[in-house]
$ cat input36.tsv   # TSV, C-alpha atoms
chain	number	residue	atom	x	y	z
A	18	MET	CA	-9.65	-6.13	-30.75
A	19	SER	CA	-7.97	-4.93	-27.56
A	20	LYS	CA	-6.42	-7.42	-25.18
A	21	ASN	CA	-9.15	-6.52	-22.68
A	22	ASP	CA	-11.78	-7.94	-25.04
A	23	LEU	CA	-10.23	-11.33	-24.38
A	24	ILE	CA	-10.65	-11.04	-20.61
A	25	LEU	CA	-13.35	-13.51	-19.62
A	26	PRO	CA	-15.65	-13.59	-16.58
A	27	LYS	CA	-13.95	-16.60	-15.05
A	28	ASP	CA	-10.81	-17.56	-13.10
A	29	PHE	CA	-11.17	-14.42	-10.99
A	30	PRO	CA	-8.53	-13.87	-8.30
A	31	GLN	CA	-9.52	-15.17	-4.89
A	32	LEU	CA	-11.28	-12.68	-2.60
A	33	LYS	CA	-8.98	-11.57	0.25
A	34	ASN	CA	-11.41	-9.34	2.19
A	35	ASP	CA	-14.98	-10.63	2.44
A	36	THR	CA	-15.99	-8.39	5.38
A	37	PHE	CA	-18.58	-6.52	3.30
A	38	LEU	CA	-20.21	-9.76	2.04
A	39	ARG	CA	-20.28	-11.22	5.56
A	40	ALA	CA	-21.99	-8.08	6.86
A	41	THR	CA	-24.69	-8.29	4.16
A	42	ARG	CA	-25.56	-11.72	5.57
A	43	GLY	CA	-25.47	-10.54	9.18
A	44	GLU	CA	-22.42	-12.68	10.03
A	45	GLU	CA	-19.69	-11.80	12.51
A	46	THR	CA	-16.88	-9.57	11.24
A	47	GLN	CA	-13.65	-8.23	12.74
A	48	HIS	CA	-14.59	-4.67	11.85
A	49	VAL	CA	-17.57	-2.88	10.32
A	50	PRO	CA	-17.09	-2.70	6.54
A	51	VAL	CA	-17.26	0.69	4.88
A	52	TRP	CA	-17.62	2.07	1.36
A	53	CYS	CA	-19.07	5.33	-0.02
A	54	MET	CA	-21.63	6.06	-2.66
A	55	ARG	CA	-19.85	8.01	-5.42
A	56	GLN	CA	-16.48	6.93	-4.03
A	57	ALA	CA	-15.21	6.90	-7.63
A	58	GLY	CA	-15.78	10.55	-8.23
A	59	ARG	CA	-14.95	14.18	-8.68
A	60	TYR	CA	-13.64	14.74	-5.14
A	61	LEU	CA	-10.47	12.93	-6.29
A	62	PRO	CA	-7.99	15.01	-8.31
A	63	GLU	CA	-6.93	11.87	-10.23
A	64	PHE	CA	-10.58	11.32	-11.23
A	65	ARG	CA	-10.85	14.87	-12.58
A	66	GLU	CA	-7.59	14.40	-14.43
A	67	SER	CA	-8.61	11.14	-16.14
A	68	ARG	CA	-12.02	12.57	-17.04
A	69	ALA	CA	-10.76	15.94	-18.33
A	70	GLY	CA	-12.18	16.85	-21.72
A	71	LYS	CA	-14.00	13.53	-22.18
A	72	ASP	CA	-17.71	13.07	-22.70
A	73	PHE	CA	-19.30	11.48	-19.62
A	74	PHE	CA	-21.23	8.71	-21.38
A	75	GLU	CA	-18.28	8.03	-23.66
A	76	THR	CA	-16.32	7.32	-20.47
A	77	CYS	CA	-19.13	5.02	-19.28
A	78	ARG	CA	-18.83	3.08	-22.54
A	79	SER	CA	-15.09	2.51	-22.12
A	80	PRO	CA	-14.44	-0.58	-19.96
A	81	GLU	CA	-10.82	0.53	-19.44
A	82	ALA	CA	-11.85	4.00	-18.24
A	83	CYS	CA	-14.55	2.61	-15.91
A	84	CYS	CA	-12.10	0.11	-14.48
A	85	GLU	CA	-9.49	2.79	-13.79
A	86	LEU	CA	-12.04	5.12	-12.15
A	87	THR	CA	-13.39	2.27	-9.99
A	88	LEU	CA	-9.90	1.39	-8.77
A	89	GLN	CA	-8.71	4.95	-8.01
A	90	PRO	CA	-10.33	5.25	-4.55
A	91	LEU	CA	-9.04	1.79	-3.57
A	92	ARG	CA	-5.47	2.96	-4.12
A	93	ARG	CA	-6.01	5.74	-1.60
A	94	PHE	CA	-8.34	4.31	1.03
A	95	PRO	CA	-8.89	0.89	2.64
A	96	PHE	CA	-12.53	0.64	1.53
A	97	ASP	CA	-14.15	-2.78	2.02
A	98	ALA	CA	-15.99	-2.74	-1.32
A	99	ALA	CA	-15.78	-1.12	-4.74
A	100	ILE	CA	-18.75	-0.06	-6.87
A	101	ILE	CA	-18.39	-0.14	-10.64
A	102	PHE	CA	-18.15	3.30	-12.25
A	103	SER	CA	-21.22	3.75	-14.46
A	104	ASP	CA	-24.51	5.65	-14.42
A	105	ILE	CA	-28.16	4.73	-13.78
A	106	LEU	CA	-29.22	6.42	-17.04
A	107	VAL	CA	-27.56	3.81	-19.27
A	108	VAL	CA	-30.87	1.88	-18.94
A	109	PRO	CA	-33.04	4.54	-20.64
A	110	GLN	CA	-30.30	4.79	-23.28
A	111	ALA	CA	-30.52	1.04	-23.86
A	112	MET	CA	-34.27	1.49	-24.39
A	113	GLY	CA	-33.60	3.96	-27.19
A	114	MET	CA	-33.66	7.33	-25.43
A	115	ASP	CA	-31.05	10.00	-26.03
A	116	VAL	CA	-29.37	11.15	-22.80
A	117	GLN	CA	-26.57	13.70	-22.67
A	118	MET	CA	-24.49	14.95	-19.75
A	119	VAL	CA	-24.57	18.72	-20.09
A	120	PRO	CA	-21.79	20.56	-18.20
A	121	GLY	CA	-23.23	22.68	-15.40
A	122	LYS	CA	-26.67	21.19	-15.89
A	123	GLY	CA	-26.32	17.44	-15.46
A	124	PRO	CA	-28.11	14.63	-17.29
A	125	THR	CA	-30.47	15.86	-20.00
A	126	PHE	CA	-32.98	14.09	-22.24
A	127	PRO	CA	-33.45	16.33	-25.33
A	128	ASP	CA	-36.68	14.48	-26.17
A	129	PRO	CA	-38.37	13.33	-22.93
A	130	LEU	CA	-41.58	11.28	-22.74
A	131	LYS	CA	-44.54	13.68	-22.72
A	132	GLU	CA	-47.65	11.57	-23.28
A	133	PRO	CA	-48.45	7.84	-22.98
A	134	GLU	CA	-48.19	7.38	-26.78
A	135	ASP	CA	-44.49	8.26	-26.47
A	136	LEU	CA	-43.97	4.82	-24.91
A	137	GLN	CA	-44.13	3.46	-28.46
A	138	ARG	CA	-40.74	5.08	-29.07
A	139	LEU	CA	-39.11	2.79	-26.52
A	140	GLN	CA	-37.48	-0.51	-27.30
A	141	THR	CA	-39.45	-3.07	-25.32
A	142	LYS	CA	-37.26	-6.09	-25.98
A	143	VAL	CA	-33.80	-4.91	-25.09
A	144	ASP	CA	-30.82	-7.13	-25.87
A	145	VAL	CA	-28.81	-6.18	-22.77
A	146	ASP	CA	-25.64	-7.89	-24.01
A	147	LYS	CA	-25.71	-5.75	-27.12
A	148	GLU	CA	-26.88	-2.48	-25.54
A	149	LEU	CA	-25.12	-2.68	-22.16
A	150	GLY	CA	-22.29	-5.12	-22.85
A	151	TYR	CA	-19.79	-2.33	-22.19
A	152	VAL	CA	-20.88	-2.31	-18.52
A	153	PHE	CA	-20.44	-6.09	-18.32
A	154	LYS	CA	-16.96	-5.79	-19.87
A	155	ALA	CA	-16.06	-3.07	-17.35
A	156	ILE	CA	-17.19	-5.32	-14.48
A	157	THR	CA	-15.21	-8.32	-15.74
A	158	LEU	CA	-12.07	-6.27	-16.35
A	159	THR	CA	-12.34	-4.56	-12.94
A	160	ARG	CA	-12.98	-7.82	-11.13
A	161	HIS	CA	-9.68	-9.15	-12.55
A	162	LYS	CA	-7.73	-5.93	-11.93
A	163	ILE	CA	-9.00	-5.56	-8.35
A	164	GLU	CA	-7.06	-8.77	-7.66
A	165	GLY	CA	-9.45	-9.97	-4.97
A	166	LYS	CA	-8.72	-6.97	-2.76
A	167	VAL	CA	-12.45	-6.30	-2.07
A	168	PRO	CA	-15.80	-7.33	-3.56
A	169	LEU	CA	-17.20	-5.46	-6.57
A	170	ILE	CA	-20.74	-4.06	-6.44
A	171	GLY	CA	-22.91	-3.67	-9.54
A	172	PHE	CA	-25.95	-1.39	-9.58
A	173	THR	CA	-28.98	-0.02	-11.35
A	174	GLY	CA	-31.50	2.76	-10.96
A	175	ALA	CA	-34.95	1.61	-9.82
A	176	PRO	CA	-37.94	1.85	-12.19
A	177	TRP	CA	-39.65	4.88	-10.62
A	178	THR	CA	-36.39	6.85	-10.43
A	179	LEU	CA	-35.62	6.12	-14.09
A	180	MET	CA	-39.20	6.87	-15.12
A	181	SER	CA	-39.05	10.28	-13.44
A	182	TYR	CA	-35.86	11.18	-15.36
A	183	MET	CA	-37.33	9.96	-18.65
A	184	ILE	CA	-40.38	12.21	-18.24
A	185	GLU	CA	-38.79	15.23	-16.52
A	186	GLY	CA	-35.97	15.26	-19.06
A	187	GLY	CA	-33.38	15.71	-16.31
A	188	GLY	CA	-33.14	16.59	-12.64
A	189	SER	CA	-36.10	18.33	-11.00
A	190	ASN	CA	-37.08	19.75	-7.62
A	191	THR	CA	-40.76	18.88	-7.79
A	192	HIS	CA	-40.85	15.99	-10.31
A	193	SER	CA	-44.29	17.33	-11.14
A	194	LYS	CA	-44.25	16.13	-14.77
A	195	ALA	CA	-43.47	12.57	-13.74
A	196	LYS	CA	-45.97	12.64	-10.88
A	197	ARG	CA	-48.60	14.04	-13.21
A	198	TRP	CA	-48.32	10.74	-15.10
A	199	LEU	CA	-48.95	8.75	-11.92
A	200	TYR	CA	-52.18	10.66	-11.27
A	201	ARG	CA	-53.39	11.14	-14.85
A	202	HIS	CA	-52.06	8.05	-16.61
A	203	PRO	CA	-51.74	5.32	-13.98
A	204	ASP	CA	-52.04	2.51	-16.56
A	205	ALA	CA	-49.34	3.95	-18.81
A	206	SER	CA	-47.20	4.56	-15.73
A	207	HIS	CA	-47.45	0.91	-14.72
A	208	MET	CA	-46.71	-0.12	-18.31
A	209	LEU	CA	-43.52	1.95	-18.33
A	210	LEU	CA	-42.51	0.70	-14.87
A	211	ARG	CA	-42.98	-2.90	-16.02
A	212	MET	CA	-40.91	-2.29	-19.16
A	213	LEU	CA	-38.12	-0.83	-17.03
A	214	THR	CA	-38.34	-3.70	-14.54
A	215	ASP	CA	-37.88	-6.28	-17.30
A	216	VAL	CA	-34.75	-4.56	-18.60
A	217	ILE	CA	-33.36	-4.02	-15.09
A	218	VAL	CA	-33.74	-7.72	-14.18
A	219	GLU	CA	-31.79	-8.77	-17.29
A	220	TYR	CA	-29.24	-6.02	-16.69
A	221	LEU	CA	-28.55	-7.11	-13.09
A	222	LEU	CA	-28.28	-10.77	-14.08
A	223	GLY	CA	-25.79	-9.74	-16.77
A	224	GLN	CA	-23.76	-7.86	-14.16
A	225	VAL	CA	-23.57	-10.95	-11.94
A	226	ALA	CA	-22.58	-13.13	-14.91
A	227	ALA	CA	-19.84	-10.57	-15.64
A	228	GLY	CA	-18.48	-10.80	-12.09
A	229	ALA	CA	-20.46	-8.45	-9.79
A	230	GLN	CA	-20.45	-9.86	-6.25
A	231	ALA	CA	-23.30	-7.72	-4.87
A	232	LEU	CA	-26.00	-5.50	-6.39
A	233	GLN	CA	-27.47	-2.18	-5.30
A	234	VAL	CA	-30.78	-0.77	-6.56
A	235	PHE	CA	-30.98	3.03	-6.29
A	236	GLU	CA	-34.49	4.39	-5.74
A	237	SER	CA	-33.05	7.89	-5.52
A	238	HIS	CA	-36.42	9.61	-5.97
A	239	ALA	CA	-38.37	7.65	-3.35
A	240	GLY	CA	-38.83	10.80	-1.29
A	241	ILE	CA	-40.78	12.47	-4.09
A	242	LEU	CA	-43.57	9.95	-3.48
A	243	GLY	CA	-45.82	9.72	-0.45
A	244	PRO	CA	-46.42	6.38	1.30
A	245	VAL	CA	-49.52	5.57	-0.82
A	246	GLU	CA	-47.85	6.28	-4.19
A	247	PHE	CA	-44.69	4.48	-3.07
A	248	LYS	CA	-46.71	1.35	-2.29
A	249	GLU	CA	-48.30	1.45	-5.73
A	250	PHE	CA	-45.59	2.73	-8.08
A	251	SER	CA	-42.28	1.80	-6.46
A	252	LEU	CA	-42.43	-1.03	-3.93
A	253	PRO	CA	-44.03	-3.73	-6.16
A	254	TYR	CA	-41.31	-3.20	-8.77
A	255	LEU	CA	-38.47	-3.16	-6.23
A	256	ARG	CA	-39.78	-6.47	-4.86
A	257	ASP	CA	-40.24	-7.92	-8.32
A	258	ILE	CA	-36.65	-7.09	-9.27
A	259	ALA	CA	-35.19	-8.76	-6.18
A	260	ARG	CA	-37.41	-11.80	-6.45
A	261	ARG	CA	-36.79	-12.40	-10.14
A	262	VAL	CA	-33.04	-11.85	-9.92
A	263	LYS	CA	-32.77	-14.17	-6.92
A	264	ASP	CA	-34.90	-16.90	-8.51
A	265	LYS	CA	-32.77	-16.86	-11.65
A	266	LEU	CA	-29.52	-16.90	-9.67
A	267	LYS	CA	-30.78	-19.76	-7.51
A	268	GLU	CA	-31.31	-21.84	-10.66
A	269	ALA	CA	-27.63	-21.29	-11.42
A	270	GLY	CA	-26.68	-22.15	-7.83
A	271	GLN	CA	-25.63	-18.56	-7.15
A	272	ASP	CA	-26.46	-16.26	-4.29
A	273	VAL	CA	-25.59	-12.58	-4.57
A	274	PRO	CA	-26.59	-10.12	-1.83
A	275	MET	CA	-28.82	-7.24	-2.91
A	276	ILE	CA	-29.11	-3.77	-1.37
A	277	VAL	CA	-32.08	-1.45	-1.81
A	278	PHE	CA	-31.51	2.27	-1.25
A	279	ALA	CA	-34.71	4.32	-1.27
A	280	LYS	CA	-33.57	7.85	-0.50
A	281	ASP	CA	-35.95	9.75	1.80
A	282	GLY	CA	-38.23	6.71	1.88
A	283	HIS	CA	-38.12	6.48	5.68
A	284	TYR	CA	-41.91	5.91	5.74
A	285	ALA	CA	-41.35	2.59	3.95
A	286	LEU	CA	-38.67	1.03	6.17
A	287	GLU	CA	-40.86	-1.86	7.36
A	288	ASP	CA	-41.93	-2.69	3.80
A	289	LEU	CA	-38.39	-2.43	2.45
A	290	SER	CA	-37.12	-4.82	5.12
A	291	GLN	CA	-39.54	-7.46	3.76
A	292	SER	CA	-38.79	-7.05	0.07
A	293	HIS	CA	-36.27	-9.86	-0.61
A	294	TYR	CA	-33.22	-7.60	-0.20
A	295	GLU	CA	-30.52	-8.59	2.31
A	296	VAL	CA	-29.59	-4.97	2.98
A	297	VAL	CA	-31.58	-1.76	3.31
A	298	GLY	CA	-29.60	1.43	2.70
A	299	LEU	CA	-30.56	4.49	4.74
A	300	ASP	CA	-30.15	8.21	4.18
A	301	TRP	CA	-29.13	10.54	7.01
A	302	THR	CA	-32.71	11.50	7.99
A	303	VAL	CA	-33.24	8.14	9.71
A	304	ASP	CA	-32.26	7.49	13.32
A	305	PRO	CA	-30.07	4.31	13.48
A	306	ARG	CA	-31.69	2.90	16.61
A	307	SER	CA	-35.20	3.40	15.32
A	308	ALA	CA	-34.20	1.85	11.96
A	309	ARG	CA	-32.96	-1.24	13.81
A	310	GLU	CA	-36.20	-1.43	15.73
A	311	ARG	CA	-38.44	-0.94	12.72
A	312	THR	CA	-36.64	-3.49	10.56
A	313	GLY	CA	-36.68	-6.00	13.42
A	314	GLY	CA	-33.39	-7.70	12.60
A	315	LYS	CA	-34.76	-8.98	9.25
A	316	VAL	CA	-32.07	-7.23	7.21
A	317	SER	CA	-28.61	-5.76	7.46
A	318	LEU	CA	-28.51	-1.96	7.35
A	319	GLN	CA	-26.23	0.36	5.37
A	320	GLY	CA	-25.55	4.05	5.85
A	321	ASN	CA	-26.10	6.72	6.91
A	322	MET	CA	-23.73	9.55	7.88
A	323	ASP	CA	-24.72	12.93	6.48
A	324	PRO	CA	-22.24	13.47	3.60
A	325	CYS	CA	-21.84	17.09	4.80
A	326	ALA	CA	-20.35	15.78	8.06
A	327	LEU	CA	-17.21	15.26	5.94
A	328	TYR	CA	-16.77	19.04	5.95
A	329	ALA	CA	-16.15	18.82	9.72
A	330	PRO	CA	-12.62	18.68	11.22
A	331	LYS	CA	-11.21	15.14	11.43
A	332	GLU	CA	-11.65	14.74	15.23
A	333	ARG	CA	-15.30	15.69	14.83
A	334	ILE	CA	-15.73	13.15	12.00
A	335	SER	CA	-14.36	10.50	14.35
A	336	ASP	CA	-16.93	11.43	17.05
A	337	ILE	CA	-19.81	11.41	14.56
A	338	VAL	CA	-18.76	7.97	13.30
A	339	LYS	CA	-18.51	6.61	16.86
A	340	LYS	CA	-22.02	7.79	17.67
A	341	MET	CA	-23.33	6.29	14.41
A	342	LEU	CA	-21.72	2.91	15.15
A	343	GLU	CA	-23.19	2.91	18.66
A	344	GLY	CA	-26.61	3.54	17.14
A	345	PHE	CA	-26.44	0.77	14.55
A	346	GLY	CA	-24.37	-1.75	16.48
A	347	THR	CA	-21.57	-3.66	14.76
A	348	ARG	CA	-23.41	-6.74	13.47
A	349	GLY	CA	-25.32	-6.77	10.17
A	350	TYR	CA	-24.12	-3.26	9.43
A	351	ILE	CA	-22.23	-1.62	6.56
A	352	ALA	CA	-21.02	1.93	7.17
A	353	ASN	CA	-21.65	4.40	4.37
A	354	LEU	CA	-22.85	7.93	3.82
A	355	GLY	CA	-26.55	8.75	3.60
A	356	HIS	CA	-25.96	9.76	-0.02
A	357	GLY	CA	-23.01	10.24	-2.39
A	358	LEU	CA	-19.80	12.19	-1.86
A	359	TYR	CA	-19.84	15.78	-3.14
A	360	PRO	CA	-17.21	17.07	-5.61
A	361	ASP	CA	-15.75	19.69	-3.24
A	362	MET	CA	-14.96	17.25	-0.41
A	363	ASP	CA	-11.43	16.83	0.86
A	364	PRO	CA	-10.10	13.32	0.15
A	365	GLU	CA	-8.26	13.48	3.49
A	366	ASN	CA	-11.59	13.69	5.29
A	367	VAL	CA	-12.90	10.69	3.37
A	368	GLY	CA	-9.81	8.84	4.61
A	369	ALA	CA	-10.56	9.99	8.16
A	370	PHE	CA	-14.13	8.62	7.84
A	371	VAL	CA	-12.93	5.20	6.68
A	372	GLU	CA	-10.27	5.04	9.38
A	373	ALA	CA	-12.73	6.05	12.11
A	374	VAL	CA	-15.18	3.31	11.06
A	375	HIS	CA	-12.44	0.67	11.19
A	376	GLN	CA	-10.86	1.84	14.46
A	377	HIS	CA	-14.03	2.41	16.48
A	378	SER	CA	-15.72	-0.77	15.26
A	379	LYS	CA	-12.67	-2.95	15.98
A	380	ARG	CA	-12.59	-1.57	19.51
A	381	MET	CA	-16.32	-2.12	20.01
A	382	ILE	CA	-16.20	-5.68	18.70
A	383	LYS	CA	-13.23	-6.47	20.94
A	384	GLN	CA	-15.02	-5.14	24.00
A	385	MET	CA	-18.02	-7.32	23.30
A	386	SER	CA	-16.08	-10.53	22.84
$ encode --input "input36.tsv" --output "structure tokens"
Amino acid sequence: MSKNDLILPKDFPQLKNDTFLRATRGEETQHVPVWCMRQAGRYLPEFRESRAGKDFFETCRSPEACCELTLQPLRRFPFDAAIIFSDILVVPQAMGMDVQMVPGKGPTFPDPLKEPEDLQRLQTKVDVDKELGYVFKAITLTRHKIEGKVPLIGFTGAPWTLMSYMIEGGGSNTHSKAKRWLYRHPDASHMLLRMLTDVIVEYLLGQVAAGAQALQVFESHAGILGPVEFKEFSLPYLRDIARRVKDKLKEAGQDVPMIVFAKDGHYALEDLSQSHYEVVGLDWTVDPRSARERTGGKVSLQGNMDPCALYAPKERISDIVKKMLEGFGTRGYIANLGHGLYPDMDPENVGAFVEAVHQHSKRMIKQMS
């Protein structure tokens, strides 16, 4: 037994910077908080070094490795939140599917779901502590090691996004195999989405019990669906997750902010803002002012700078950030990219992004007071 096995999810260090949590609730802050999707990632040389020669999912199963990778970006940049290093595909693994990370190809399911009868291969009653306890251990360890510097975010993939991977067998441009299910096997599709929802609810509650201070649900494949399919096969499950997690937490006297990020789901902004999430994450295809208008102040917003803007010179990054802040306003807003960081990005430019958010927003807030 390693000494880290004895680290318990209690007596966590006191939180020193709660700017991110305040912004999720729409409260006043001294600056706009900022973090990046995939901030623990391959754009950092130290990340590549610690990951060298190791299997991806093996790394995910090592609490010590996940903790180290989560902390790396915080040593470099004054982010206002950390997100635990893990992967959305640990959920299908917990349900009994084999998933491998193939170099140059990405996540691969050697034996994807082909027909509705394949659902019988899945574990319906998943013991999340047994199957995903390594994620909980990573969260607890990281929460202690972060020493209250910033809040720690836990996350999951959303049911439709996970379903599409489980049927496609990996990434896809058209997602036609998964969408074929929606049109040909709607009942089996709903059955699979319900199975995933049940596991996800338990998984998120386990993350909070382990020490996660906020939760993000990634509906990365929202844009593959049209508005009608989204309303049938994604939205009800996203709502169900938030409602069930919140009800359970309320019983325990807890309240943890939840973020929904439906990439390319701009057609669903109004619906998403009424789905029990405190924060709606936006990709870069959405205009900040129109997003504010369409969500009517019901939620805080997160996003949405085009990640490729980080290839621009630093002065230009600063201008882009300023314009973005002016569009969103400084209240009930968390600055982020409209998707994750790419591996070939210069860490210096990430630093310039974070600095620009802090500097411009401090100035704007001062001018308003």
$ closest_residue --input "input36.tsv" --among "A:Leu213, A:Ala369, A:Ile100, A:Leu318" --to "Asp336 in chain A" --atoms "all atoms listed in the file"
A:Ala369
$ closest_residue --input "input36.tsv" --among "A:Met112, A:Val277, A:Leu222, A:Ala239" --to "Lys196 in chain A" --atoms "only C-alpha atoms"
A:Ala239
$ axis_aligned_box --input "input36.tsv" --around "range 95-114 of chain A" --padding-each-side "8 Å" --output "JSON"
{"center_x": -21.6, "center_y": 2.3, "center_z": -12.3, "size_x": 41.4, "size_y": 26.1, "size_z": 45.8}
$ residues_around --input "input36.tsv" --residues "Leu252 in chain A" --least-positions-apart "3" --cutoff "12 Å" --atoms "all atoms listed in the file" --output "JSON, numbers by chain"
{"A": [175, 176, 177, 178, 210, 214, 234, 236, 239, 242, 243, 244, 245, 246, 247, 248, 249, 255, 256, 257, 258, 259, 277, 278, 279, 282, 284, 285, 286, 287, 288, 289, 290, 291, 292, 293, 294]}
$ atom_distance --input "input36.tsv" --atom1 "CA of Met362 in chain A" --atom2 "CA of Tyr60 in chain A"
5.5 Å
$ closest_residue --input "input36.tsv" --among "A:Val116, A:Ile241, A:Leu169, A:Ile276" --to "Asp72 in chain A" --atoms "all atoms listed in the file"
A:Val116
$ residues_around --input "input36.tsv" --residues "Val51 in chain A" --least-positions-apart "3" --cutoff "12 Å" --atoms "all atoms listed in the file" --output "ChimeraX atom specification"
/A:34-38,40-41,48,54,56,91,94-100,167-168,318-322,338,342,347,350-354,367-376,378
$ write_last_selection --input "input36.tsv" --atoms "C-alpha atoms" --output "PDB file, keeping the file's coordinate frame"
ATOM      1  CA  ASN A  34     -11.410  -9.340   2.190  1.00  0.00           C
ATOM      2  CA  ASP A  35     -14.980 -10.630   2.440  1.00  0.00           C
ATOM      3  CA  THR A  36     -15.990  -8.390   5.380  1.00  0.00           C
ATOM      4  CA  PHE A  37     -18.580  -6.520   3.300  1.00  0.00           C
ATOM      5  CA  LEU A  38     -20.210  -9.760   2.040  1.00  0.00           C
ATOM      6  CA  ALA A  40     -21.990  -8.080   6.860  1.00  0.00           C
ATOM      7  CA  THR A  41     -24.690  -8.290   4.160  1.00  0.00           C
ATOM      8  CA  HIS A  48     -14.590  -4.670  11.850  1.00  0.00           C
ATOM      9  CA  MET A  54     -21.630   6.060  -2.660  1.00  0.00           C
ATOM     10  CA  GLN A  56     -16.480   6.930  -4.030  1.00  0.00           C
ATOM     11  CA  LEU A  91      -9.040   1.790  -3.570  1.00  0.00           C
ATOM     12  CA  PHE A  94      -8.340   4.310   1.030  1.00  0.00           C
ATOM     13  CA  PRO A  95      -8.890   0.890   2.640  1.00  0.00           C
ATOM     14  CA  PHE A  96     -12.530   0.640   1.530  1.00  0.00           C
ATOM     15  CA  ASP A  97     -14.150  -2.780   2.020  1.00  0.00           C
ATOM     16  CA  ALA A  98     -15.990  -2.740  -1.320  1.00  0.00           C
ATOM     17  CA  ALA A  99     -15.780  -1.120  -4.740  1.00  0.00           C
ATOM     18  CA  ILE A 100     -18.750  -0.060  -6.870  1.00  0.00           C
ATOM     19  CA  VAL A 167     -12.450  -6.300  -2.070  1.00  0.00           C
ATOM     20  CA  PRO A 168     -15.800  -7.330  -3.560  1.00  0.00           C
ATOM     21  CA  LEU A 318     -28.510  -1.960   7.350  1.00  0.00           C
ATOM     22  CA  GLN A 319     -26.230   0.360   5.370  1.00  0.00           C
ATOM     23  CA  GLY A 320     -25.550   4.050   5.850  1.00  0.00           C
ATOM     24  CA  ASN A 321     -26.100   6.720   6.910  1.00  0.00           C
ATOM     25  CA  MET A 322     -23.730   9.550   7.880  1.00  0.00           C
ATOM     26  CA  VAL A 338     -18.760   7.970  13.300  1.00  0.00           C
ATOM     27  CA  LEU A 342     -21.720   2.910  15.150  1.00  0.00           C
ATOM     28  CA  THR A 347     -21.570  -3.660  14.760  1.00  0.00           C
ATOM     29  CA  TYR A 350     -24.120  -3.260   9.430  1.00  0.00           C
ATOM     30  CA  ILE A 351     -22.230  -1.620   6.560  1.00  0.00           C
ATOM     31  CA  ALA A 352     -21.020   1.930   7.170  1.00  0.00           C
ATOM     32  CA  ASN A 353     -21.650   4.400   4.370  1.00  0.00           C
ATOM     33  CA  LEU A 354     -22.850   7.930   3.820  1.00  0.00           C
ATOM     34  CA  VAL A 367     -12.900  10.690   3.370  1.00  0.00           C
ATOM     35  CA  GLY A 368      -9.810   8.840   4.610  1.00  0.00           C
ATOM     36  CA  ALA A 369     -10.560   9.990   8.160  1.00  0.00           C
ATOM     37  CA  PHE A 370     -14.130   8.620   7.840  1.00  0.00           C
ATOM     38  CA  VAL A 371     -12.930   5.200   6.680  1.00  0.00           C
ATOM     39  CA  GLU A 372     -10.270   5.040   9.380  1.00  0.00           C
ATOM     40  CA  ALA A 373     -12.730   6.050  12.110  1.00  0.00           C
ATOM     41  CA  VAL A 374     -15.180   3.310  11.060  1.00  0.00           C
ATOM     42  CA  HIS A 375     -12.440   0.670  11.190  1.00  0.00           C
ATOM     43  CA  GLN A 376     -10.860   1.840  14.460  1.00  0.00           C
ATOM     44  CA  SER A 378     -15.720  -0.770  15.260  1.00  0.00           C
TER      45      SER A 378
END
$ residues_around --input "input36.tsv" --residues "His207 in chain A" --least-positions-apart "4" --cutoff "12 Å" --atoms "all atoms listed in the file" --output "VMD selection string"
chain A and resid 133 136 176 to 177 180 198 to 203 211 to 214 246 249 to 251 253 to 254
$ residues_around --input "input36.tsv" --residues "Glu44 in chain A" --least-positions-apart "5" --cutoff "8 Å" --atoms "only C-alpha atoms" --output "list of chain:residue names"
A:Arg39, A:Arg348, A:Gly349
$ residues_around --input "input36.tsv" --residues "Asp363 in chain A" --least-positions-apart "3" --cutoff "12 Å" --atoms "all atoms listed in the file" --output "mmCIF file with C-alpha atoms, keeping the file's coordinate frame"
data_model
loop_
_atom_site.group_PDB
_atom_site.id
_atom_site.type_symbol
_atom_site.label_atom_id
_atom_site.label_comp_id
_atom_site.auth_asym_id
_atom_site.auth_seq_id
_atom_site.Cartn_x
_atom_site.Cartn_y
_atom_site.Cartn_z
ATOM 1 C CA GLY A 58 -15.780 10.550 -8.230
ATOM 2 C CA ARG A 59 -14.950 14.180 -8.680
ATOM 3 C CA TYR A 60 -13.640 14.740 -5.140
ATOM 4 C CA LEU A 61 -10.470 12.930 -6.290
ATOM 5 C CA PRO A 62 -7.990 15.010 -8.310
ATOM 6 C CA PRO A 324 -22.240 13.470 3.600
ATOM 7 C CA CYS A 325 -21.840 17.090 4.800
ATOM 8 C CA ALA A 326 -20.350 15.780 8.060
ATOM 9 C CA LEU A 327 -17.210 15.260 5.940
ATOM 10 C CA TYR A 328 -16.770 19.040 5.950
ATOM 11 C CA ALA A 329 -16.150 18.820 9.720
ATOM 12 C CA PRO A 330 -12.620 18.680 11.220
ATOM 13 C CA LYS A 331 -11.210 15.140 11.430
ATOM 14 C CA LEU A 358 -19.800 12.190 -1.860
ATOM 15 C CA TYR A 359 -19.840 15.780 -3.140
ATOM 16 C CA PRO A 360 -17.210 17.070 -5.610
ATOM 17 C CA ASN A 366 -11.590 13.690 5.290
ATOM 18 C CA VAL A 367 -12.900 10.690 3.370
ATOM 19 C CA GLY A 368 -9.810 8.840 4.610
ATOM 20 C CA ALA A 369 -10.560 9.990 8.160
ATOM 21 C CA PHE A 370 -14.130 8.620 7.840
#
$ closest_residue --input "input36.tsv" --among "A:Thr87, A:Ser193, A:Gln110, A:Ser79" --to "Glu148 in chain A" --atoms "only C-alpha atoms"
A:Gln110
$ atom_distance --input "input36.tsv" --atom1 "CA of Gly298 in chain A" --atom2 "CA of Gly346 in chain A"
15.1 Å
$ closest_atom_pairs --input "input36.tsv" --of "range 137-166 of chain A" --to "range 123-132 of chain A" --cutoff "12 Å" --atoms "only C-alpha atoms" --output "CSV"
residue,atom,partner,partner_atom,distance
A:Gln137,CA,A:Leu130,CA,10.0
A:Arg138,CA,A:Leu130,CA,8.9
A:Leu139,CA,A:Leu130,CA,9.6
